[in-house]
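Colleague: My structure is stored as model-v9.pdb, with PDB, C-alpha atoms.
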```pdb
ATOM      1  CA  MET A   1      11.889 -24.279  -5.303
ATOM      2  CA  VAL A   2      15.170 -24.030  -7.222
ATOM      3  CA  THR A   3      16.193 -20.917  -5.318
ATOM      4  CA  ALA A   4      15.506 -22.588  -1.984
ATOM      5  CA  LEU A   5      17.631 -25.576  -2.986
ATOM      6  CA  ALA A   6      20.462 -23.345  -4.174
ATOM      7  CA  VAL A   7      20.384 -21.341  -0.949
ATOM      8  CA  SER A   8      20.717 -24.592   0.990
ATOM      9  CA  MET A   9      23.651 -25.657  -1.175
ATOM     10  CA  MET A  10      25.285 -22.246  -0.807
ATOM     11  CA  ALA A  11      25.127 -22.587   2.964
ATOM     12  CA  THR A  12      27.101 -25.841   2.719
ATOM     13  CA  GLY A  13      29.651 -24.362   0.303
ATOM     14  CA  CYS A  14      28.636 -26.496  -2.702
ATOM     15  CA  LEU A  15      28.071 -23.674  -5.177
ATOM     16  CA  SER A  16      30.442 -22.053  -7.620
ATOM     17  CA  PRO A  17      31.000 -18.264  -7.416
ATOM     18  CA  LEU A  18      28.680 -17.716 -10.400
ATOM     19  CA  ALA A  19      25.997 -19.864  -8.808
ATOM     20  CA  LYS A  20      26.316 -17.978  -5.516
ATOM     21  CA  HIS A  21      25.859 -14.644  -7.288
ATOM     22  CA  ALA A  22      22.868 -15.948  -9.262
ATOM     23  CA  THR A  23      21.242 -17.404  -6.156
ATOM     24  CA  ALA A  24      21.710 -14.270  -4.079
ATOM     25  CA  PHE A  25      20.434 -12.083  -6.927
ATOM     26  CA  SER A  26      17.366 -14.285  -7.388
ATOM     27  CA  ALA A  27      16.502 -14.239  -3.685
ATOM     28  CA  ALA A  28      16.909 -10.455  -3.448
ATOM     29  CA  THR A  29      14.877  -9.933  -6.623
ATOM     30  CA  ALA A  30      12.038 -12.065  -5.257
ATOM     31  CA  THR A  31      11.901  -9.864  -2.154
ATOM     32  CA  VAL A  32      11.776  -6.710  -4.295
ATOM     33  CA  ILE A  33       9.111  -8.050  -6.657
ATOM     34  CA  ASP A  34       6.823  -9.296  -3.892
ATOM     35  CA  GLY A  35       7.109  -5.940  -2.140
ATOM     36  CA  SER A  36       6.543  -4.066  -5.404
ATOM     37  CA  GLU A  37       3.296  -5.867  -6.117
ATOM     38  CA  ASP A  38       2.055  -5.098  -2.608
ATOM     39  CA  ALA A  39       3.126  -1.455  -3.002
ATOM     40  CA  TYR A  40       1.134  -1.008  -6.211
ATOM     41  CA  ARG A  41      -1.958  -2.458  -4.590
ATOM     42  CA  GLY A  42      -1.429  -0.359  -1.461
ATOM     43  CA  ALA A  43      -1.105   2.819  -3.517
ATOM     44  CA  MET A  44      -4.347   1.969  -5.311
ATOM     45  CA  ARG A  45      -6.177   1.555  -1.998
ATOM     46  CA  LEU A  46      -4.860   4.904  -0.793
ATOM     47  CA  ARG A  47      -6.019   6.539  -4.017
ATOM     48  CA  LEU A  48      -9.499   5.038  -3.597
ATOM     49  CA  GLN A  49      -9.730   6.360  -0.039
ATOM     50  CA  GLU A  50      -8.671   9.817  -1.183
ATOM     51  CA  GLN A  51     -11.266   9.751  -3.968
ATOM     52  CA  ALA A  52     -13.965   8.644  -1.534
ATOM     53  CA  ALA A  53     -13.118  11.514   0.815
ATOM     54  CA  ALA A  54     -13.181  14.033  -2.043
ATOM     55  CA  SER A  55     -16.557  12.722  -3.158
ATOM     56  CA  VAL A  56     -18.166  13.729   0.137
ATOM     57  CA  TYR A  57     -17.707  17.359  -0.908
ATOM     58  CA  ALA A  58     -18.308  16.842  -4.621
ATOM     59  CA  TYR A  59     -21.650  15.178  -3.966
ATOM     60  CA  ASP A  60     -23.269  18.274  -2.467
ATOM     61  CA  LYS A  61     -21.732  20.720  -4.934
ATOM     62  CA  ASP A  62     -22.214  18.819  -8.179
ATOM     63  CA  PRO A  63     -25.723  17.450  -8.872
ATOM     64  CA  THR A  64     -24.341  15.406 -11.769
ATOM     65  CA  TRP A  65     -21.785  13.575  -9.604
ATOM     66  CA  SER A  66     -21.859   9.812 -10.033
ATOM     67  CA  PRO A  67     -19.782   7.075  -8.371
ATOM     68  CA  TYR A  68     -19.643   5.348 -11.766
ATOM     69  CA  LYS A  69     -17.856   8.153 -13.586
ATOM     70  CA  ASP A  70     -16.251  10.385 -10.961
ATOM     71  CA  MET A  71     -14.254   7.824  -8.961
ATOM     72  CA  THR A  72     -10.994   7.695 -10.917
ATOM     73  CA  PRO A  73      -8.683   4.832  -9.918
ATOM     74  CA  LEU A  74      -4.924   5.158  -9.928
ATOM     75  CA  LEU A  75      -4.769   2.168 -12.258
ATOM     76  CA  THR A  76      -7.490   0.133 -13.916
ATOM     77  CA  PRO A  77      -7.501  -3.636 -13.265
ATOM     78  CA  THR A  78      -5.954  -4.151 -16.710
ATOM     79  CA  GLN A  79      -3.204  -1.611 -16.035
ATOM     80  CA  LEU A  80      -2.392  -3.157 -12.651
ATOM     81  CA  SER A  81      -2.353  -6.615 -14.234
ATOM     82  CA  ALA A  82       0.133  -5.407 -16.869
ATOM     83  CA  ARG A  83       2.529  -4.193 -14.203
ATOM     84  CA  ILE A  84       2.181  -7.450 -12.271
ATOM     85  CA  LYS A  85       3.003  -9.393 -15.448
ATOM     86  CA  VAL A  86       6.191  -7.384 -15.957
ATOM     87  CA  LEU A  87       7.178  -7.802 -12.310
ATOM     88  CA  GLU A  88       6.489 -11.539 -12.410
ATOM     89  CA  GLY A  89       8.541 -11.742 -15.608
ATOM     90  CA  LEU A  90      11.506 -10.112 -13.866
ATOM     91  CA  LYS A  91      11.128 -12.484 -10.919
ATOM     92  CA  ALA A  92      10.949 -15.570 -13.161
ATOM     93  CA  TYR A  93      13.962 -14.351 -15.120
ATOM     94  CA  ALA A  94      16.013 -14.042 -11.911
ATOM     95  CA  ASP A  95      15.019 -17.591 -10.953
ATOM     96  CA  THR A  96      16.211 -18.929 -14.307
ATOM     97  CA  LEU A  97      19.682 -17.534 -13.654
ATOM     98  CA  VAL A  98      19.988 -19.975 -10.770
ATOM     99  CA  ASP A  99      19.035 -22.825 -13.090
ATOM    100  CA  LEU A 100      21.653 -21.775 -15.626
ATOM    101  CA  THR A 101      24.388 -22.437 -13.069
ATOM    102  CA  SER A 102      22.967 -25.778 -11.951
ATOM    103  CA  SER A 103      24.128 -29.173 -13.215
ATOM    104  CA  LYS A 104      20.543 -30.411 -12.882
ATOM    105  CA  PRO A 105      18.072 -27.913 -14.394
ATOM    106  CA  SER A 106      14.584 -28.008 -12.929
ATOM    107  CA  PRO A 107      11.707 -28.992 -15.272
ATOM    108  CA  ASP A 108       9.253 -27.361 -12.851
ATOM    109  CA  LEU A 109      11.107 -24.073 -13.077
ATOM    110  CA  GLU A 110      11.212 -24.260 -16.863
ATOM    111  CA  ASN A 111       7.447 -24.832 -16.984
ATOM    112  CA  ALA A 112       6.796 -21.960 -14.580
ATOM    113  CA  ALA A 113       9.031 -19.633 -16.601
ATOM    114  CA  GLU A 114       7.233 -20.608 -19.795
ATOM    115  CA  GLY A 115       3.854 -19.761 -18.257
ATOM    116  CA  VAL A 116       5.060 -16.326 -17.158
ATOM    117  CA  GLY A 117       6.572 -15.762 -20.604
ATOM    118  CA  THR A 118       3.286 -16.629 -22.304
ATOM    119  CA  ASN A 119       1.492 -14.029 -20.183
ATOM    120  CA  LEU A 120       4.075 -11.443 -21.194
ATOM    121  CA  GLN A 121       3.642 -12.246 -24.876
ATOM    122  CA  GLY A 122       0.036 -11.105 -24.689
ATOM    123  CA  LEU A 123       1.149  -7.816 -23.142
ATOM    124  CA  ASN A 124       3.542  -7.097 -26.010
ATOM    125  CA  GLN A 125       0.804  -5.845 -28.355
ATOM    126  CA  THR A 126      -0.900  -3.586 -25.809
ATOM    127  CA  VAL A 127       2.074  -2.266 -23.844
ATOM    128  CA  ALA A 128       1.439   1.402 -24.746
ATOM    129  CA  THR A 129      -2.071   1.371 -23.271
ATOM    130  CA  ASP A 130      -1.751  -1.238 -20.524
ATOM    131  CA  LEU A 131       1.352   0.368 -19.042
ATOM    132  CA  SER A 132      -0.233   3.821 -19.056
ATOM    133  CA  THR A 133      -2.400   5.037 -16.151
ATOM    134  CA  ALA A 134      -6.053   5.896 -15.604
ATOM    135  CA  ILE A 135      -5.098   9.449 -14.611
ATOM    136  CA  PRO A 136      -6.590  12.047 -16.982
ATOM    137  CA  ASN A 137      -4.428  14.388 -19.080
ATOM    138  CA  ILE A 138      -1.243  12.343 -18.719
ATOM    139  CA  PRO A 139       0.929  12.241 -21.868
ATOM    140  CA  VAL A 140       0.836   8.876 -23.611
ATOM    141  CA  MET A 141       3.949   6.998 -24.644
ATOM    142  CA  THR A 142       5.659   8.206 -27.777
ATOM    143  CA  THR A 143       6.011   5.746 -30.630
ATOM    144  CA  ALA A 144       9.704   5.343 -29.841
ATOM    145  CA  GLN A 145       9.003   4.668 -26.151
ATOM    146  CA  SER A 146       6.255   2.225 -27.013
ATOM    147  CA  ASN A 147       8.487   0.346 -29.441
ATOM    148  CA  GLN A 148      11.309   0.168 -26.926
ATOM    149  CA  ALA A 149       9.011  -1.104 -24.183
ATOM    150  CA  SER A 150       7.398  -3.620 -26.524
ATOM    151  CA  THR A 151      10.800  -4.903 -27.623
ATOM    152  CA  ALA A 152      11.910  -5.378 -24.017
ATOM    153  CA  VAL A 153       8.691  -7.158 -23.025
ATOM    154  CA  LEU A 154       8.873  -9.447 -26.049
ATOM    155  CA  ALA A 155      12.558 -10.249 -25.466
ATOM    156  CA  LEU A 156      11.875 -11.217 -21.856
ATOM    157  CA  ALA A 157       8.831 -13.270 -22.882
ATOM    158  CA  GLU A 158      10.728 -15.143 -25.595
ATOM    159  CA  TYR A 159      13.613 -15.876 -23.256
ATOM    160  CA  LEU A 160      11.304 -17.304 -20.595
ATOM    161  CA  ILE A 161       9.431 -19.436 -23.119
ATOM    162  CA  SER A 162      12.279 -20.823 -25.210
ATOM    163  CA  ARG A 163      15.463 -20.326 -23.189
ATOM    164  CA  LYS A 164      18.162 -22.959 -23.513
ATOM    165  CA  VAL A 165      19.699 -24.164 -20.282
ATOM    166  CA  LYS A 166      23.007 -24.658 -22.061
ATOM    167  CA  ASN A 167      23.315 -20.872 -22.429
ATOM    168  CA  ALA A 168      25.961 -19.501 -20.112
ATOM    169  CA  LEU A 169      25.109 -17.022 -17.376
ATOM    170  CA  PRO A 170      27.506 -14.366 -18.746
ATOM    171  CA  LYS A 171      25.873 -14.413 -22.174
ATOM    172  CA  VAL A 172      22.301 -14.390 -20.854
ATOM    173  CA  THR A 173      22.852 -11.506 -18.445
ATOM    174  CA  GLN A 174      24.744  -9.504 -21.052
ATOM    175  CA  ASP A 175      22.091 -10.064 -23.746
ATOM    176  CA  MET A 176      19.173  -9.389 -21.411
ATOM    177  CA  ASN A 177      20.623  -6.426 -19.522
ATOM    178  CA  PRO A 178      19.335  -3.739 -21.955
ATOM    179  CA  ASN A 179      15.828  -5.184 -21.671
ATOM    180  CA  ILE A 180      15.944  -5.379 -17.874
ATOM    181  CA  GLN A 181      17.115  -1.755 -17.773
ATOM    182  CA  THR A 182      14.289  -0.682 -20.115
ATOM    183  CA  LEU A 183      11.574  -2.402 -18.081
ATOM    184  CA  CYS A 184      12.806  -1.075 -14.735
ATOM    185  CA  GLU A 185      13.157   2.424 -16.195
ATOM    186  CA  LEU A 186       9.641   2.188 -17.631
ATOM    187  CA  LEU A 187       8.174   1.259 -14.252
ATOM    188  CA  ASN A 188      10.186   3.979 -12.528
ATOM    189  CA  SER A 189       8.977   6.691 -14.931
ATOM    190  CA  ASP A 190       5.464   5.425 -14.271
ATOM    191  CA  ILE A 191       5.923   5.823 -10.508
ATOM    192  CA  VAL A 192       7.041   9.438 -10.994
ATOM    193  CA  ILE A 193       3.626  10.136 -12.538
ATOM    194  CA  LEU A 194       1.766   8.270  -9.800
ATOM    195  CA  ARG A 195       3.596  10.174  -7.049
ATOM    196  CA  ARG A 196       2.968  13.545  -8.678
ATOM    197  CA  GLN A 197      -0.735  12.859  -9.213
ATOM    198  CA  ALA A 198      -1.218  11.561  -5.670
ATOM    199  CA  ASP A 199       0.412  14.695  -4.275
ATOM    200  CA  VAL A 200      -1.864  16.943  -6.358
ATOM    201  CA  ASP A 201      -4.990  15.013  -5.337
ATOM    202  CA  TYR A 202      -4.197  14.942  -1.635
ATOM    203  CA  GLN A 203      -3.167  18.589  -1.548
ATOM    204  CA  ALA A 204      -6.370  19.676  -3.286
ATOM    205  CA  GLN A 205      -8.459  17.626  -0.887
ATOM    206  CA  ILE A 206      -6.606  18.884   2.194
ATOM    207  CA  THR A 207      -6.892  22.516   1.059
ATOM    208  CA  GLN A 208     -10.591  22.150   0.352
ATOM    209  CA  LEU A 209     -11.301  20.534   3.716
ATOM    210  CA  ASP A 210      -9.178  23.073   5.583
ATOM    211  CA  GLN A 211     -11.068  25.990   4.007
ATOM    212  CA  SER A 212     -14.382  24.341   4.757
ATOM    213  CA  ILE A 213     -13.510  23.843   8.424
ATOM    214  CA  ARG A 214     -12.306  27.420   8.841
ATOM    215  CA  HIS A 215     -15.477  28.922   7.352
ATOM    216  CA  GLU A 216     -18.205  26.722   8.803
ATOM    217  CA  GLY A 217     -18.396  28.700  12.065
ATOM    218  CA  SER A 218     -21.170  27.550  14.397
ATOM    219  CA  ALA A 219     -22.782  25.384  11.735
ATOM    220  CA  VAL A 220     -21.284  22.280  13.348
ATOM    221  CA  SER A 221     -20.910  21.184  16.957
ATOM    222  CA  PRO A 222     -17.546  21.307  18.765
ATOM    223  CA  TYR A 223     -17.405  17.515  18.582
ATOM    224  CA  GLU A 224     -17.952  17.517  14.794
ATOM    225  CA  HIS A 225     -15.385  20.288  14.474
ATOM    226  CA  ARG A 226     -12.765  18.202  16.278
ATOM    227  CA  GLN A 227     -13.603  15.154  14.146
ATOM    228  CA  GLU A 228     -13.112  17.176  10.969
ATOM    229  CA  ILE A 229      -9.722  18.409  12.144
ATOM    230  CA  ARG A 230      -8.745  14.852  13.042
ATOM    231  CA  PHE A 231      -9.734  13.715   9.552
ATOM    232  CA  LEU A 232      -7.640  16.537   8.087
ATOM    233  CA  ILE A 233      -4.624  15.190   9.964
ATOM    234  CA  GLU A 234      -5.406  11.655   8.792
ATOM    235  CA  LEU A 235      -5.452  12.837   5.195
ATOM    236  CA  ALA A 236      -2.038  14.444   5.625
ATOM    237  CA  ASP A 237      -0.740  11.189   7.140
ATOM    238  CA  GLN A 238      -2.133   9.215   4.213
ATOM    239  CA  GLN A 239      -0.503  11.623   1.765
ATOM    240  CA  LYS A 240       2.895  11.045   3.375
ATOM    241  CA  ALA A 241       2.375   7.288   3.640
ATOM    242  CA  ASN A 242       1.420   7.068  -0.023
ATOM    243  CA  ASP A 243       4.433   9.078  -1.161
ATOM    244  CA  ASP A 244       6.829   7.158   1.087
ATOM    245  CA  LEU A 245       5.470   3.842  -0.215
ATOM    246  CA  LEU A 246       5.891   4.846  -3.861
ATOM    247  CA  ALA A 247       9.334   6.339  -3.155
ATOM    248  CA  LYS A 248      10.502   3.052  -1.633
ATOM    249  CA  LEU A 249       9.043   1.188  -4.621
ATOM    250  CA  GLN A 250      10.962   3.485  -6.949
ATOM    251  CA  THR A 251      14.196   2.946  -5.018
ATOM    252  CA  ALA A 252      13.762  -0.830  -5.050
ATOM    253  CA  LEU A 253      13.183  -1.007  -8.809
ATOM    254  CA  HIS A 254      16.085   1.339  -9.534
ATOM    255  CA  THR A 255      18.342  -0.789  -7.339
ATOM    256  CA  LEU A 256      17.165  -3.907  -9.197
ATOM    257  CA  ALA A 257      18.232  -2.374 -12.513
ATOM    258  CA  MET A 258      21.614  -1.296 -11.166
ATOM    259  CA  THR A 259      22.243  -4.679  -9.520
ATOM    260  CA  HIS A 260      21.483  -6.595 -12.702
ATOM    261  CA  GLN A 261      23.838  -4.349 -14.602
ATOM    262  CA  ALA A 262      26.524  -5.039 -12.006
ATOM    263  CA  LEU A 263      25.797  -8.778 -12.203
ATOM    264  CA  ALA A 264      26.142  -8.761 -15.987
ATOM    265  CA  ALA A 265      29.513  -7.042 -15.620
ATOM    266  CA  ALA A 266      30.709  -9.234 -12.741
ATOM    267  CA  VAL A 267      30.078 -12.541 -14.522
ATOM    268  CA  GLN A 268      32.120 -11.179 -17.419
ATOM    269  CA  GLY A 269      34.988 -10.645 -14.990
ATOM    270  CA  ASN A 270      34.530  -6.862 -14.757
ATOM    271  CA  ASN A 271      34.808  -5.564 -11.193
ATOM    272  CA  PRO A 272      33.499  -8.830  -9.673
ATOM    273  CA  GLU A 273      34.219  -7.672  -6.128
ATOM    274  CA  SER A 274      31.369  -5.121  -6.287
ATOM    275  CA  ILE A 275      28.523  -7.525  -7.008
ATOM    276  CA  SER A 276      28.125  -8.820  -3.445
ATOM    277  CA  GLN A 277      27.631  -5.253  -2.202
ATOM    278  CA  LYS A 278      25.139  -4.498  -4.972
ATOM    279  CA  ILE A 279      23.114  -7.611  -4.177
ATOM    280  CA  ALA A 280      23.153  -6.691  -0.487
ATOM    281  CA  GLU A 281      21.790  -3.241  -1.402
ATOM    282  CA  LEU A 282      19.060  -4.880  -3.498
ATOM    283  CA  ALA A 283      18.064  -7.180  -0.638
ATOM    284  CA  ALA A 284      18.016  -4.211   1.745
ATOM    285  CA  ALA A 285      15.798  -2.169  -0.610
ATOM    286  CA  GLY A 286      13.362  -5.066  -0.919
ATOM    287  CA  HIS A 287      13.327  -5.594   2.835
ATOM    288  CA  ASP A 288      12.752  -1.886   3.466
ATOM    289  CA  LEU A 289       9.836  -1.833   1.014
ATOM    290  CA  ASN A 290       8.217  -4.924   2.552
ATOM    291  CA  VAL A 291       8.650  -3.734   6.136
ATOM    292  CA  TYR A 292       7.196  -0.310   5.347
ATOM    293  CA  TYR A 293       4.192  -1.771   3.525
ATOM    294  CA  LYS A 294       3.424  -4.087   6.439
ATOM    295  CA  SER A 295       3.712  -1.181   8.872
ATOM    296  CA  LEU A 296       0.831   0.686   7.241
ATOM    297  CA  PRO A 297      -2.472   0.555   9.153
ATOM    298  CA  ASN A 298      -4.997  -1.947   7.861
ATOM    299  CA  THR A 299      -7.230   0.943   6.860
ATOM    300  CA  PHE A 300      -4.623   1.778   4.192
TER
END
```
Let me see the structure of the file written as structure tokens.
Modeller:
Amino acid sequence: MVTALAVSMMATGCLSPLAKHATAFSAATATVIDGSEDAYRGAMRLRLQEQAAASVYAYDKDPTWSPYKDMTPLLTPTQLSARIKVLEGLKAYADTLVDLTSSKPSPDLENAAEGVGTNLQGLNQTVATDLSTAIPNIPVMTTAQSNQASTAVLALAEYLISRKVKNALPKVTQDMNPNIQTLCELLNSDIVILRRQADVDYQAQITQLDQSIRHEGSAVSPYEHRQEIRFLIELADQQKANDDLLAKLQTALHTLAMTHQALAAAVQGNNPESISQKIAELAAAGHDLNVYYKSLPNTF
């Protein structure tokens, strides 16, 4: 609501330069966060489809196979929820920057920010497990990494819950920048793992299916043979779609971190001419992520 009002005011020239930067950053961040949440969910659906396809072959070869223990999700519901909480925290934080430059702070925005902050507080104690993945044999966070992530989550939560509107935008962005960088870097390192695992899973499945098709001979009809080859191509398409989706998510979150860093510098008077370009790049990354996600077939 506050962002929409500020955008309207910006169009009529009623905003200060700081307010214009804050408004544009908030709007671009919202686009990135909404697309990021969709991308995580889309990647999970792709993983489930890949696991279902692999199970067709595992079922006949492994008499102990069970859908209750052998279908490994990309992320558990708790792990997905943790990422959504962090993303929503970043989005709420960007909205508060608009309020900091307004002469009439919004009580509704303050209440919304407090609710998001409260959710983040609960994540603080479980960040090492909830921000891990369900993928087997993946290294867990080190104690140092866990402490750093926990500190960043707690700092963002406390700001959203108890922030003072009288705080100036330069001070808030400068104080919060290390935490924003930590959280974006944490999510980006997580996506590296998800991309690598998805590539391994798809490649194993494609190789297995390819070998099966080439050695089945006359055991299947020509029609079934063509259907199997078509499915092989579909798997390869899904592999590429999954990797492209996660790559665009990674780019968007990296751009968010870099744009906030530029914003923190610009409101301090350091290279202020660059911030408009950075925000434009952030908006473009968010738009690209959203457009690509919506272009995926419904079966994805």
Colleague: Find, counting only C-alpha atoms, the residue in A:Thr173, A:Asn270, A:Asn147, A:Ser212 that gets nearest to His225 in chain A.
Modeller: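 Among the listed residues, the smallest separation from His225 in chain A belongs to A:Ser212.
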Colleague: Given the file shown, enumerate the residues that the PyMOL selection byres ((chain A and resi 85-98) around 6) captures and present them as a list in words.
Modeller: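 Taken over the shown coordinates, the PyMOL selection byres ((chain A and resi 85-98) around 6) returns Ala22, Thr23, Ser26, Ala30, Ile33, Ala82, Arg83, Ile84, Asp99, Leu100, Thr101, Ala113 and Val116 of chain A.
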Colleague: Smallest atom-to-atom distance to Ser295 in chain A: which of A:Gln203, A:Ala257, A:Gly42, A:Ala247, using all atoms listed in the file?
Modeller: A:Gly42
Colleague: CA of Ile279 in chain A and CA of His260 in chain A, how far apart in Å?
Modeller: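 That distance, rounded to one decimal, is 8.7 Å.
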Colleague: When the PyMOL selection byres ((chain A and resi 28) around 9) is applied to the structure above, which residues does it catch, written out as a ChimeraX atom specification?
Modeller: /A:23-27,29-33,256,279-287
Colleague: Save the residues we just selected, C-alpha atoms, as a short mmCIF file (atom, residue, chain, number, x, y, z; two decimals), in the frame of the given file?
Modeller:
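Below is the file out_29.cif, written as the result:
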```cif
data_model
loop_
_atom_site.label_atom_id
_atom_site.label_comp_id
_atom_site.auth_asym_id
_atom_site.auth_seq_id
_atom_site.Cartn_x
_atom_site.Cartn_y
_atom_site.Cartn_z
CA THR A 23 21.24 -17.40 -6.16
CA ALA A 24 21.71 -14.27 -4.08
CA PHE A 25 20.43 -12.08 -6.93
CA SER A 26 17.37 -14.28 -7.39
CA ALA A 27 16.50 -14.24 -3.68
CA THR A 29 14.88 -9.93 -6.62
CA ALA A 30 12.04 -12.06 -5.26
CA THR A 31 11.90 -9.86 -2.15
CA VAL A 32 11.78 -6.71 -4.30
CA ILE A 33 9.11 -8.05 -6.66
CA LEU A 256 17.16 -3.91 -9.20
CA ILE A 279 23.11 -7.61 -4.18
CA ALA A 280 23.15 -6.69 -0.49
CA GLU A 281 21.79 -3.24 -1.40
CA LEU A 282 19.06 -4.88 -3.50
CA ALA A 283 18.06 -7.18 -0.64
CA ALA A 284 18.02 -4.21 1.74
CA ALA A 285 15.80 -2.17 -0.61
CA GLY A 286 13.36 -5.07 -0.92
CA HIS A 287 13.33 -5.59 2.84
#
```
Colleague: Using all atoms listed in the file, which protein or nucleic acid residues come within 7 Å of range 274-276 of chain A? Drop anything in the same chain fewer than 4 positions from it, and give the result as a ChimeraX atom specification.
Modeller: /A:262-263,266,280
Colleague: Do you know which residues lie at most 12 Å from (5.6, -21.0, -17.6), with coordinates as in the file and all atoms listed in the file counted, and could you write them as a ChimeraX atom specification?
Modeller: /A:88-89,92-93,96,107-121,157-163
Colleague: May I ask which of the residues A:His254, A:Lys171, A:Gln145, A:Leu75 is the closest one to Ile193 in chain A, counting all atoms listed in the file?
Modeller: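 Closest candidate: A:Leu75.
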Colleague: Would you work out the distance separating CA of Ala204 in chain A from CA of Ser221 in chain A, expressed in Å to one decimal?
Modeller: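 Computing it gives 25.0 Å between the two atoms.
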Colleague: Give me, please, the distance in Å between CA of Ser16 in chain A and CA of Ser102 in chain A, quoted to one decimal.
Modeller: 9.4 Å
Colleague: Excluding Thr72 in chain A and any residue of its chain fewer than 4 positions from it, enumerate the residues within 12 Å of it, using only C-alpha atoms, and give them as a short mmCIF file (atom, residue, chain, number, x, y, z; two decimals) with C-alpha atoms, keeping the file's coordinate frame.
Modeller:
```cif
data_model
loop_
_atom_site.label_atom_id
_atom_site.label_comp_id
_atom_site.auth_asym_id
_atom_site.auth_seq_id
_atom_site.Cartn_x
_atom_site.Cartn_y
_atom_site.Cartn_z
CA MET A 44 -4.35 1.97 -5.31
CA ARG A 45 -6.18 1.56 -2.00
CA ARG A 47 -6.02 6.54 -4.02
CA LEU A 48 -9.50 5.04 -3.60
CA GLN A 49 -9.73 6.36 -0.04
CA GLU A 50 -8.67 9.82 -1.18
CA GLN A 51 -11.27 9.75 -3.97
CA ALA A 52 -13.96 8.64 -1.53
CA ALA A 54 -13.18 14.03 -2.04
CA SER A 55 -16.56 12.72 -3.16
CA SER A 66 -21.86 9.81 -10.03
CA PRO A 67 -19.78 7.08 -8.37
CA TYR A 68 -19.64 5.35 -11.77
CA THR A 76 -7.49 0.13 -13.92
CA THR A 133 -2.40 5.04 -16.15
CA ALA A 134 -6.05 5.90 -15.60
CA ILE A 135 -5.10 9.45 -14.61
CA PRO A 136 -6.59 12.05 -16.98
CA GLN A 197 -0.74 12.86 -9.21
CA ALA A 198 -1.22 11.56 -5.67
CA ASP A 201 -4.99 15.01 -5.34
#
```
Colleague: Could you list the residues chosen by the PyMOL selection byres ((chain A and resi 124) around 8) in this structure as a list of chain:residue names?
Modeller: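 So the PyMOL selection byres ((chain A and resi 124) around 8) ends up selecting A:Leu120, A:Gln121, A:Gly122, A:Leu123, A:Gln125, A:Thr126, A:Val127, A:Ser150, A:Thr151, A:Val153, A:Leu154.
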Colleague: From the list A:Asp210, A:Glu273, A:Asp130, A:Asp237, which residue is nearest Gln79 in chain A when using all atoms listed in the file?
Modeller: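 Distance minimum relative to Gln79 in chain A lands on A:Asp130.
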Colleague: Of the candidates A:Gln227, A:Thr255, A:Ser132, A:Asn290, which shows the shortest atom-to-atom distance to Ser36 in chain A, using all atoms listed in the file?
Modeller: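 Comparing A:Gln227, A:Thr255, A:Ser132, A:Asn290 against Ser36 in chain A, the winner is A:Asn290.
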Colleague: I want to know what sits within 10 Å of Leu186 in chain A, based on only C-alpha atoms, with residues of the same chain fewer than 3 positions away left out; could you give that as a PyMOL selection string?
Modeller: chain A and resi 131+145-146+148-149+180-183+189-191
Colleague: Residues within 12 Å of Arg214 in chain A, please, as an NGL selection string. Count only C-alpha atoms; anything in the same chain fewer than 5 positions from it doesn't count.
Modeller: :A and (207-209 or 219-220 or 225-226 or 228-229 or 232)
Colleague: Keeping C-alpha atoms for every residue in the selection just given, could you write it to a file as a compact mmCIF listing (two decimals), in the coordinates of the input?
Modeller:
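Generated output (out_17.txt):
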```
# COMPACT_ATOMS: atom_id res chain seq x y z
CA THR A 207 -6.89 22.52 1.06
CA GLN A 208 -10.59 22.15 0.35
CA LEU A 209 -11.30 20.53 3.72
CA ALA A 219 -22.78 25.38 11.74
CA VAL A 220 -21.28 22.28 13.35
CA HIS A 225 -15.38 20.29 14.47
CA ARG A 226 -12.76 18.20 16.28
CA GLU A 228 -13.11 17.18 10.97
CA ILE A 229 -9.72 18.41 12.14
CA LEU A 232 -7.64 16.54 8.09
```
Colleague: Have a look at A:Ile206, A:Ala252, A:Ala58, A:Met141 and name the one nearest to Lys278 in chain A; count all atoms listed in the file.
Modeller: A:Ala252
Colleague: Determine, counting only C-alpha atoms, every residue of protein, DNA or RNA that lies within 8 Å of (-3.1, 8.9, -0.3) in the file coordinates, then give the result as a ChimeraX atom specification.
Modeller: /A:43,46-47,49-50,198-199,202,235,238-243
Colleague: Since the input is missing atoms, can you rebuild N, CA and C atoms for range 202-208 of chain A and write them as an mmCIF file, keeping the file's coordinate frame?
Modeller:
```
data_model
loop_
_atom_site.group_PDB
_atom_site.id
_atom_site.type_symbol
_atom_site.label_atom_id
_atom_site.label_comp_id
_atom_site.auth_asym_id
_atom_site.auth_seq_id
_atom_site.Cartn_x
_atom_site.Cartn_y
_atom_site.Cartn_z
ATOM 1 N N TYR A 202 -4.137 14.774 -3.092
ATOM 2 C CA TYR A 202 -4.197 14.942 -1.635
ATOM 3 C C TYR A 202 -4.158 16.417 -1.243
ATOM 4 N N GLN A 203 -3.293 17.185 -1.901
ATOM 5 C CA GLN A 203 -3.167 18.589 -1.548
ATOM 6 C C GLN A 203 -4.458 19.345 -1.837
ATOM 7 N N ALA A 204 -5.091 19.028 -2.951
ATOM 8 C CA ALA A 204 -6.370 19.676 -3.286
ATOM 9 C C ALA A 204 -7.438 19.335 -2.253
ATOM 10 N N GLN A 205 -7.473 18.059 -1.868
ATOM 11 C CA GLN A 205 -8.459 17.626 -0.887
ATOM 12 C C GLN A 205 -8.208 18.250 0.480
ATOM 13 N N ILE A 206 -6.958 18.300 0.895
ATOM 14 C CA ILE A 206 -6.606 18.884 2.194
ATOM 15 C C ILE A 206 -6.926 20.382 2.221
ATOM 16 N N THR A 207 -6.606 21.082 1.141
ATOM 17 C CA THR A 207 -6.892 22.516 1.059
ATOM 18 C C THR A 207 -8.388 22.778 1.113
ATOM 19 N N GLN A 208 -9.135 21.984 0.385
ATOM 20 C CA GLN A 208 -10.591 22.150 0.352
ATOM 21 C C GLN A 208 -11.201 21.904 1.728
#
```
